Amino acid sequence: MSQKRKPSASLPSVDRRAAELDTIAAVLPIDRRDELAELLTDQDVETLRHLVNEGTGDNTLRALTSDLAYLQAWSLAATGASLPWPAPEALLLKFVAHHLWDPNKRNTDPDHGMPVSVEQNLRAQRFLKSFGPHAPDTVRRRLASWSTLTRWRGLTGAFASPALKSAIRLAVRATPRPRKRKSAKAVTGDVLARLLATCGTDSLRDIRDRAILMVAFASGGRRRSEIAGLRKEQLTNEPPITAEDGTTLPSLAIHLGRTKTSGADHDEVVYLTGRPVEELNTWLEVARIDTGSIFRAIDRWGNVSKRTIDPQSVNDIVKQRAKLAGGRNISSGPLTAAYLHIIP
């Protein structure tokens, strides 16, 4: 197989970056390649090429590229310069302040939130489409991508600083977003506890089903097809989160790619913290899954198959656990969490 020649360093910088992006387009489809060539730096493009060579999953690459492009566009609009690596804490706090703000306060204080000039700049480049503050999960995802890209450059950022965590917590409180059920018969916290009670042994089947229920619930309500199709390559370990009592909780990101609800221009990433991560890691360890499909069939002799379960199997697992729990009218559609990330 012939390899594409690396673009000559004698080309103008923008043309060279466009050519670099073209060499990875087969793995990382980019619809706005020319615009990204002007937006991203040489080091950004080299980082993407490195990740492609390292075999990083396509969904992860698309999500990281989307977030990196937005971050660079925001930095240029807000500061007049590309992102510094590593980013100082003040820049991270500015990012939170620009994206999580109180609409009521904005009515009386025009300087609150994202400046109008920055907003207009991002909107003109089609990076900003919605009005009002961002969803907290979107801000957390972009900060997580920023942190991940910083680590891949061999640097350490201020992403775990108490000031940043406090700023996010206070900003989220100021931008309330009522959580809506995705299904009239969605699984809620009390129902989940009853389902988990039926998976109380250390058998492979119980460990797997616990992980399925916890991941589906804690990730905000996943469809059967999304759970059945999860692969190890979609998981990214994130820095542990410190709880209010001082304990540290494991954290990871699941890169879902483009989903039915994320829209054509976005890759959805969800984050798990605490017990759901522990249950998932336990299943991966006992089932000895290092790559490929996460949730797999188990035969009558207790052997884990290399074959993934299908969406109908996820449906059957939920129904079986509901029957064992003595419950009725429990939907096997989206499993919706009342409180994302934290399971009582």
# chains A, B, ... in the order shown; residues from 1 in each chain; ligands from 1
call {"tool": "select_by_dssp", "arguments": {"residues": "region 75-275 of chain A", "states": "strand (DSSP E or B)", "output": "compact mmCIF listing (two decimals) with all heavy atoms, in the first residue's frame"}}
result
# COMPACT_ATOMS: atom_id res chain seq x y z
N ARG A 231 -18.05 0.17 22.32
CA ARG A 231 -16.76 -0.50 22.15
C ARG A 231 -15.73 0.10 23.10
O ARG A 231 -15.83 1.27 23.49
CB ARG A 231 -16.27 -0.38 20.70
CG ARG A 231 -17.19 -1.06 19.69
CD ARG A 231 -16.68 -0.89 18.27
NE ARG A 231 -15.37 -1.50 18.08
CZ ARG A 231 -15.17 -2.79 17.83
NH1 ARG A 231 -16.20 -3.62 17.74
NH2 ARG A 231 -13.95 -3.26 17.66
N LEU A 235 -14.06 4.54 25.06
CA LEU A 235 -13.88 4.96 26.44
C LEU A 235 -12.56 5.72 26.61
O LEU A 235 -11.53 5.31 26.08
CB LEU A 235 -13.88 3.76 27.39
CG LEU A 235 -15.07 2.80 27.30
CD1 LEU A 235 -14.93 1.70 28.34
CD2 LEU A 235 -16.38 3.55 27.48
N THR A 236 -12.61 6.81 27.34
CA THR A 236 -11.42 7.57 27.67
C THR A 236 -11.40 7.84 29.17
O THR A 236 -12.35 8.42 29.71
CB THR A 236 -11.40 8.93 26.92
OG1 THR A 236 -11.46 8.70 25.52
CG2 THR A 236 -10.13 9.70 27.26
N ASN A 237 -10.34 7.42 29.84
CA ASN A 237 -10.22 7.69 31.28
C ASN A 237 -10.01 9.17 31.51
O ASN A 237 -9.21 9.81 30.81
CB ASN A 237 -9.06 6.89 31.88
CG ASN A 237 -9.36 5.41 31.96
OD1 ASN A 237 -10.49 5.02 32.26
ND2 ASN A 237 -8.36 4.57 31.71
N GLU A 238 -10.72 9.70 32.49
CA GLU A 238 -10.61 11.11 32.84
C GLU A 238 -10.02 11.24 34.24
O GLU A 238 -10.01 10.28 35.01
CB GLU A 238 -12.00 11.77 32.81
CG GLU A 238 -12.65 11.78 31.43
CD GLU A 238 -11.91 12.66 30.44
OE1 GLU A 238 -11.31 13.66 30.88
OE2 GLU A 238 -11.92 12.34 29.24
N PRO A 239 -9.48 12.42 34.58
CA PRO A 239 -8.93 12.61 35.93
C PRO A 239 -10.00 12.35 36.99
O PRO A 239 -11.16 12.71 36.80
CB PRO A 239 -8.48 14.08 35.93
CG PRO A 239 -8.28 14.41 34.49
CD PRO A 239 -9.31 13.62 33.73
N PRO A 240 -9.64 11.71 38.11
CA PRO A 240 -10.60 11.46 39.19
C PRO A 240 -11.20 12.77 39.69
O PRO A 240 -10.57 13.83 39.64
CB PRO A 240 -9.76 10.78 40.27
CG PRO A 240 -8.59 10.21 39.55
CD PRO A 240 -8.30 11.18 38.43
N ILE A 241 -12.43 12.69 40.18
CA ILE A 241 -13.13 13.86 40.70
C ILE A 241 -13.19 13.76 42.22
O ILE A 241 -13.48 12.69 42.77
CB ILE A 241 -14.55 13.95 40.12
CG1 ILE A 241 -14.46 14.25 38.62
CG2 ILE A 241 -15.38 15.01 40.83
CD1 ILE A 241 -15.79 14.30 37.92
N THR A 242 -12.88 14.85 42.89
CA THR A 242 -12.91 14.86 44.35
C THR A 242 -14.31 15.22 44.84
O THR A 242 -14.85 16.27 44.49
CB THR A 242 -11.90 15.88 44.91
OG1 THR A 242 -10.59 15.55 44.43
CG2 THR A 242 -11.90 15.85 46.44
N THR A 248 -12.02 10.45 46.35
CA THR A 248 -11.86 10.61 44.90
C THR A 248 -12.71 9.58 44.18
O THR A 248 -12.78 8.42 44.59
CB THR A 248 -10.39 10.44 44.49
OG1 THR A 248 -9.91 9.16 44.92
CG2 THR A 248 -9.53 11.52 45.10
N LEU A 249 -13.36 10.02 43.12
CA LEU A 249 -14.24 9.16 42.36
C LEU A 249 -13.67 8.96 40.96
O LEU A 249 -13.25 9.93 40.31
CB LEU A 249 -15.64 9.79 42.24
CG LEU A 249 -16.34 10.12 43.56
CD1 LEU A 249 -17.65 10.87 43.27
CD2 LEU A 249 -16.61 8.86 44.35
N PRO A 250 -13.64 7.71 40.46
CA PRO A 250 -13.13 7.48 39.10
C PRO A 250 -14.06 8.12 38.09
O PRO A 250 -15.27 8.25 38.31
CB PRO A 250 -13.14 5.94 38.99
CG PRO A 250 -14.21 5.50 39.95
CD PRO A 250 -14.12 6.47 41.10
N SER A 251 -13.51 8.51 36.96
CA SER A 251 -14.29 9.20 35.94
C SER A 251 -13.83 8.76 34.56
O SER A 251 -12.65 8.48 34.35
CB SER A 251 -14.14 10.71 36.09
OG SER A 251 -14.86 11.40 35.09
N LEU A 252 -14.77 8.65 33.63
CA LEU A 252 -14.40 8.34 32.25
C LEU A 252 -15.40 9.00 31.30
O LEU A 252 -16.50 9.37 31.69
CB LEU A 252 -14.33 6.83 32.00
CG LEU A 252 -15.56 5.94 32.13
CD1 LEU A 252 -16.48 6.05 30.92
CD2 LEU A 252 -15.15 4.48 32.28
N ALA A 253 -14.97 9.12 30.04
CA ALA A 253 -15.81 9.69 28.99
C ALA A 253 -16.17 8.60 28.01
O ALA A 253 -15.35 7.73 27.70
CB ALA A 253 -15.08 10.82 28.28
N ILE A 254 -17.40 8.65 27.52
CA ILE A 254 -17.85 7.74 26.47
C ILE A 254 -18.13 8.58 25.23
O ILE A 254 -18.99 9.46 25.24
CB ILE A 254 -19.12 6.97 26.87
CG1 ILE A 254 -18.90 6.17 28.15
CG2 ILE A 254 -19.56 6.04 25.73
CD1 ILE A 254 -20.14 5.42 28.61
N HIS A 255 -17.38 8.31 24.16
CA HIS A 255 -17.53 9.05 22.91
C HIS A 255 -18.53 8.30 22.04
O HIS A 255 -18.23 7.24 21.48
CB HIS A 255 -16.19 9.20 22.22
CG HIS A 255 -15.17 9.94 23.04
ND1 HIS A 255 -14.97 11.29 22.92
CD2 HIS A 255 -14.33 9.51 24.02
CE1 HIS A 255 -14.04 11.67 23.78
NE2 HIS A 255 -13.63 10.61 24.45
N LEU A 256 -19.72 8.86 21.92
CA LEU A 256 -20.80 8.20 21.20
C LEU A 256 -20.83 8.52 19.72
O LEU A 256 -21.55 7.87 18.96
CB LEU A 256 -22.15 8.58 21.83
CG LEU A 256 -22.36 8.13 23.28
CD1 LEU A 256 -23.62 8.77 23.84
CD2 LEU A 256 -22.45 6.62 23.36
N GLY A 257 -20.08 9.53 19.29
CA GLY A 257 -20.14 9.93 17.90
C GLY A 257 -21.43 10.68 17.63
O GLY A 257 -22.03 11.28 18.51
N GLU A 268 -21.53 13.33 20.23
CA GLU A 268 -21.96 13.35 21.62
C GLU A 268 -20.95 12.62 22.50
O GLU A 268 -20.51 11.52 22.18
CB GLU A 268 -23.34 12.70 21.75
CG GLU A 268 -23.91 12.81 23.15
CD GLU A 268 -25.35 12.34 23.22
OE1 GLU A 268 -25.91 11.97 22.18
OE2 GLU A 268 -25.91 12.34 24.34
N VAL A 269 -20.62 13.25 23.60
CA VAL A 269 -19.73 12.65 24.60
C VAL A 269 -20.44 12.74 25.94
O VAL A 269 -20.93 13.80 26.31
CB VAL A 269 -18.38 13.38 24.69
CG1 VAL A 269 -17.47 12.69 25.71
CG2 VAL A 269 -17.70 13.41 23.33
N VAL A 270 -20.50 11.63 26.66
CA VAL A 270 -21.11 11.63 27.99
C VAL A 270 -20.06 11.19 29.00
O VAL A 270 -19.10 10.48 28.67
CB VAL A 270 -22.34 10.70 28.06
CG1 VAL A 270 -23.45 11.21 27.15
CG2 VAL A 270 -21.97 9.27 27.71
N TYR A 271 -20.25 11.60 30.25
CA TYR A 271 -19.26 11.35 31.29
C TYR A 271 -19.89 10.55 32.43
O TYR A 271 -21.03 10.82 32.83
CB TYR A 271 -18.70 12.67 31.80
CG TYR A 271 -17.99 13.44 30.71
CD1 TYR A 271 -18.68 14.36 29.93
CD2 TYR A 271 -16.65 13.22 30.44
CE1 TYR A 271 -18.06 15.05 28.90
CE2 TYR A 271 -16.01 13.91 29.42
CZ TYR A 271 -16.71 14.81 28.66
OH TYR A 271 -16.08 15.48 27.64
N LEU A 272 -19.13 9.60 32.94
CA LEU A 272 -19.56 8.81 34.08
C LEU A 272 -18.60 9.05 35.24
O LEU A 272 -17.39 9.20 35.03
CB LEU A 272 -19.58 7.32 33.75
CG LEU A 272 -20.40 6.86 32.54
CD1 LEU A 272 -20.36 5.35 32.42
CD2 LEU A 272 -21.83 7.34 32.64
N THR A 273 -19.14 9.04 36.44
CA THR A 273 -18.33 9.25 37.63
C THR A 273 -18.81 8.33 38.74
O THR A 273 -20.01 8.14 38.91
CB THR A 273 -18.44 10.71 38.12
OG1 THR A 273 -17.98 11.59 37.09
CG2 THR A 273 -17.60 10.94 39.37
call {"tool": "residues_around", "arguments": {"residues": "Arg194 (chain A)", "least_positions_apart": "6", "cutoff": "9 Å", "atoms": "only C-alpha atoms", "output": "ChimeraX atom specification"}}
result
/A:321-322,325-327
call {"tool": "write_last_selection", "arguments": {"atoms": "all heavy atoms", "output": "CSV table (one decimal), in the first residue's frame"}}
result
chain,number,residue,atom,x,y,z
A,321,ARG,N,-34.9,-8.4,34.3
A,321,ARG,CA,-34.6,-7.8,35.6
A,321,ARG,C,-35.8,-7.2,36.2
A,321,ARG,O,-36.0,-7.3,37.4
A,321,ARG,CB,-33.4,-6.8,35.5
A,321,ARG,CG,-32.1,-7.4,35.0
A,321,ARG,CD,-31.6,-8.4,36.1
A,321,ARG,NE,-30.4,-9.1,35.6
A,321,ARG,CZ,-29.8,-10.1,36.3
A,321,ARG,NH1,-30.2,-10.4,37.5
A,321,ARG,NH2,-28.7,-10.7,35.8
A,322,ALA,N,-36.7,-6.6,35.3
A,322,ALA,CA,-37.9,-6.0,35.8
A,322,ALA,C,-38.8,-7.1,36.4
A,322,ALA,O,-39.5,-7.0,37.4
A,322,ALA,CB,-38.6,-5.2,34.7
A,325,ALA,N,-37.6,-8.3,39.6
A,325,ALA,CA,-37.8,-7.2,40.7
A,325,ALA,C,-39.3,-7.1,41.0
A,325,ALA,O,-39.7,-6.4,41.9
A,325,ALA,CB,-37.3,-5.9,40.2
A,326,GLY,N,-40.2,-7.9,40.3
A,326,GLY,CA,-41.6,-7.8,40.5
A,326,GLY,C,-42.2,-6.5,40.0
A,326,GLY,O,-43.3,-6.1,40.5
A,327,GLY,N,-41.6,-5.9,39.0
A,327,GLY,CA,-42.1,-4.6,38.5
A,327,GLY,C,-42.9,-4.8,37.3
A,327,GLY,O,-42.8,-5.7,36.6
call {"tool": "atom_distance", "arguments": {"atom1": "CA of Val14 (chain A)", "atom2": "CA of Leu83 (chain A)"}}
result
17.2 Å
call {"tool": "atom_distance", "arguments": {"atom1": "CA of Leu164 (chain A)", "atom2": "CA of Leu93 (chain A)"}}
result
6.1 Å
call {"tool": "closest_residue", "arguments": {"among": "A:Asp310, A:Glu279, A:Asp102, A:Glu119", "to": "Leu196 (chain A)", "atoms": "only C-alpha atoms"}}
result
A:Glu279
call {"tool": "atom_distance", "arguments": {"atom1": "CA of Trp146 (chain A)", "atom2": "CA of Gln72 (chain A)"}}
result
10.3 Å
call {"tool": "residues_around", "arguments": {"residues": "Ile317 (chain A)", "least_positions_apart": "3", "cutoff": "12 Å", "atoms": "only C-alpha atoms", "output": "PyMOL selection string"}}
result
chain A and resi 195-196+198-199+205-206+208-213+224+227-228+295+297+309-314+320-324+330-333
call {"tool": "residues_around", "arguments": {"residues": "Val96 (chain A)", "least_positions_apart": "6", "cutoff": "9 Å", "atoms": "only C-alpha atoms", "output": "PyMOL selection string"}}
result
chain A and resi 113+139+164+167-168+171
call {"tool": "write_last_selection", "arguments": {"atoms": "all heavy atoms", "output": "mmCIF file, in the first residue's frame"}}
result
data_model
loop_
_atom_site.group_PDB
_atom_site.id
_atom_site.type_symbol
_atom_site.label_atom_id
_atom_site.label_comp_id
_atom_site.auth_asym_id
_atom_site.auth_seq_id
_atom_site.Cartn_x
_atom_site.Cartn_y
_atom_site.Cartn_z
ATOM 1 N N GLY A 113 -21.600 37.301 31.002
ATOM 2 C CA GLY A 113 -21.598 36.220 30.025
ATOM 3 C C GLY A 113 -20.646 36.481 28.875
ATOM 4 O O GLY A 113 -19.670 37.224 29.000
ATOM 5 N N VAL A 139 -20.141 22.246 28.116
ATOM 6 C CA VAL A 139 -18.963 22.939 28.661
ATOM 7 C C VAL A 139 -18.013 21.921 29.302
ATOM 8 O O VAL A 139 -16.792 21.983 29.090
ATOM 9 C CB VAL A 139 -19.394 24.007 29.679
ATOM 10 C CG1 VAL A 139 -18.179 24.628 30.355
ATOM 11 C CG2 VAL A 139 -20.223 25.085 28.990
ATOM 12 N N LEU A 164 -11.487 26.409 39.405
ATOM 13 C CA LEU A 164 -12.248 26.049 38.207
ATOM 14 C C LEU A 164 -13.461 25.209 38.582
ATOM 15 O O LEU A 164 -14.566 25.436 38.080
ATOM 16 C CB LEU A 164 -11.354 25.291 37.227
ATOM 17 C CG LEU A 164 -12.035 24.855 35.927
ATOM 18 C CD1 LEU A 164 -12.529 26.060 35.142
ATOM 19 C CD2 LEU A 164 -11.075 24.016 35.072
ATOM 20 N N ALA A 167 -16.031 27.442 40.086
ATOM 21 C CA ALA A 167 -16.652 28.304 39.078
ATOM 22 C C ALA A 167 -17.709 27.537 38.291
ATOM 23 O O ALA A 167 -18.799 28.062 38.023
ATOM 24 C CB ALA A 167 -15.586 28.863 38.134
ATOM 25 N N ILE A 168 -17.402 26.289 37.926
ATOM 26 C CA ILE A 168 -18.372 25.487 37.180
ATOM 27 C C ILE A 168 -19.594 25.194 38.038
ATOM 28 O O ILE A 168 -20.737 25.312 37.586
ATOM 29 C CB ILE A 168 -17.719 24.171 36.715
ATOM 30 C CG1 ILE A 168 -16.610 24.459 35.693
ATOM 31 C CG2 ILE A 168 -18.765 23.236 36.111
ATOM 32 C CD1 ILE A 168 -15.823 23.233 35.299
ATOM 33 N N ALA A 171 -21.642 28.313 38.399
ATOM 34 C CA ALA A 171 -22.246 28.705 37.128
ATOM 35 C C ALA A 171 -23.413 27.795 36.769
ATOM 36 O O ALA A 171 -24.427 28.251 36.234
ATOM 37 C CB ALA A 171 -21.191 28.678 36.022
#
call {"tool": "select_by_dssp", "arguments": {"residues": "region 73-195 of chain A", "states": "helix (DSSP H, G or I)", "output": "PyMOL selection string"}}
result
chain A and resi 73-79+89-99+103-108+116-124+136-152+162-174+189-195
call {"tool": "closest_residue", "arguments": {"among": "A:Val45, A:Asp15, A:Pro84, A:Gly132", "to": "Asn104 (chain A)", "atoms": "only C-alpha atoms"}}
result
A:Gly132
call {"tool": "closest_residue", "arguments": {"among": "A:His99, A:His50, A:Lys94, A:Arg169", "to": "Arg153 (chain A)", "atoms": "only C-alpha atoms"}}
result
A:His50
call {"tool": "residues_around", "arguments": {"residues": "Ser293 (chain A)", "least_positions_apart": "5", "cutoff": "10 Å", "atoms": "only C-alpha atoms", "output": "number ranges by chain"}}
result
A: 228-234, 306-309
call {"tool": "residues_around", "arguments": {"residues": "Leu204 (chain A)", "least_positions_apart": "2", "cutoff": "9 Å", "atoms": "only C-alpha atoms", "output": "list of chain:residue names"}}
result
A:Thr201, A:Asp202, A:Asp206, A:Ile207, A:Arg208, A:Asp209, A:Trp283, A:Val286, A:Ala287, A:Ile298, A:Gly302, A:Asn303, A:Val304
call {"tool": "decode", "arguments": {"residues": "region 83-98 of chain A", "atoms": "C-alpha atoms", "output": "short mmCIF file (atom, residue, chain, number, x, y, z; two decimals), in the first residue's frame"}}
result
data_model
loop_
_atom_site.label_atom_id
_atom_site.label_comp_id
_atom_site.auth_asym_id
_atom_site.auth_seq_id
_atom_site.Cartn_x
_atom_site.Cartn_y
_atom_site.Cartn_z
CA LEU A 83 -4.88 28.72 22.55
CA PRO A 84 -1.76 28.70 24.74
CA TRP A 85 -0.52 25.27 25.81
CA PRO A 86 -0.94 24.67 28.66
CA ALA A 87 -3.82 27.07 29.23
CA PRO A 88 -3.51 29.26 32.34
CA GLU A 89 -6.22 28.98 34.96
CA ALA A 90 -7.47 32.49 34.13
CA LEU A 91 -8.26 31.42 30.55
CA LEU A 92 -10.18 28.37 31.75
CA LEU A 93 -12.21 30.56 34.09
CA LYS A 94 -12.89 32.98 31.22
CA PHE A 95 -14.17 30.07 29.11
CA VAL A 96 -16.60 29.06 31.86
CA ALA A 97 -17.76 32.66 32.36
CA HIS A 98 -18.38 33.07 28.62
#
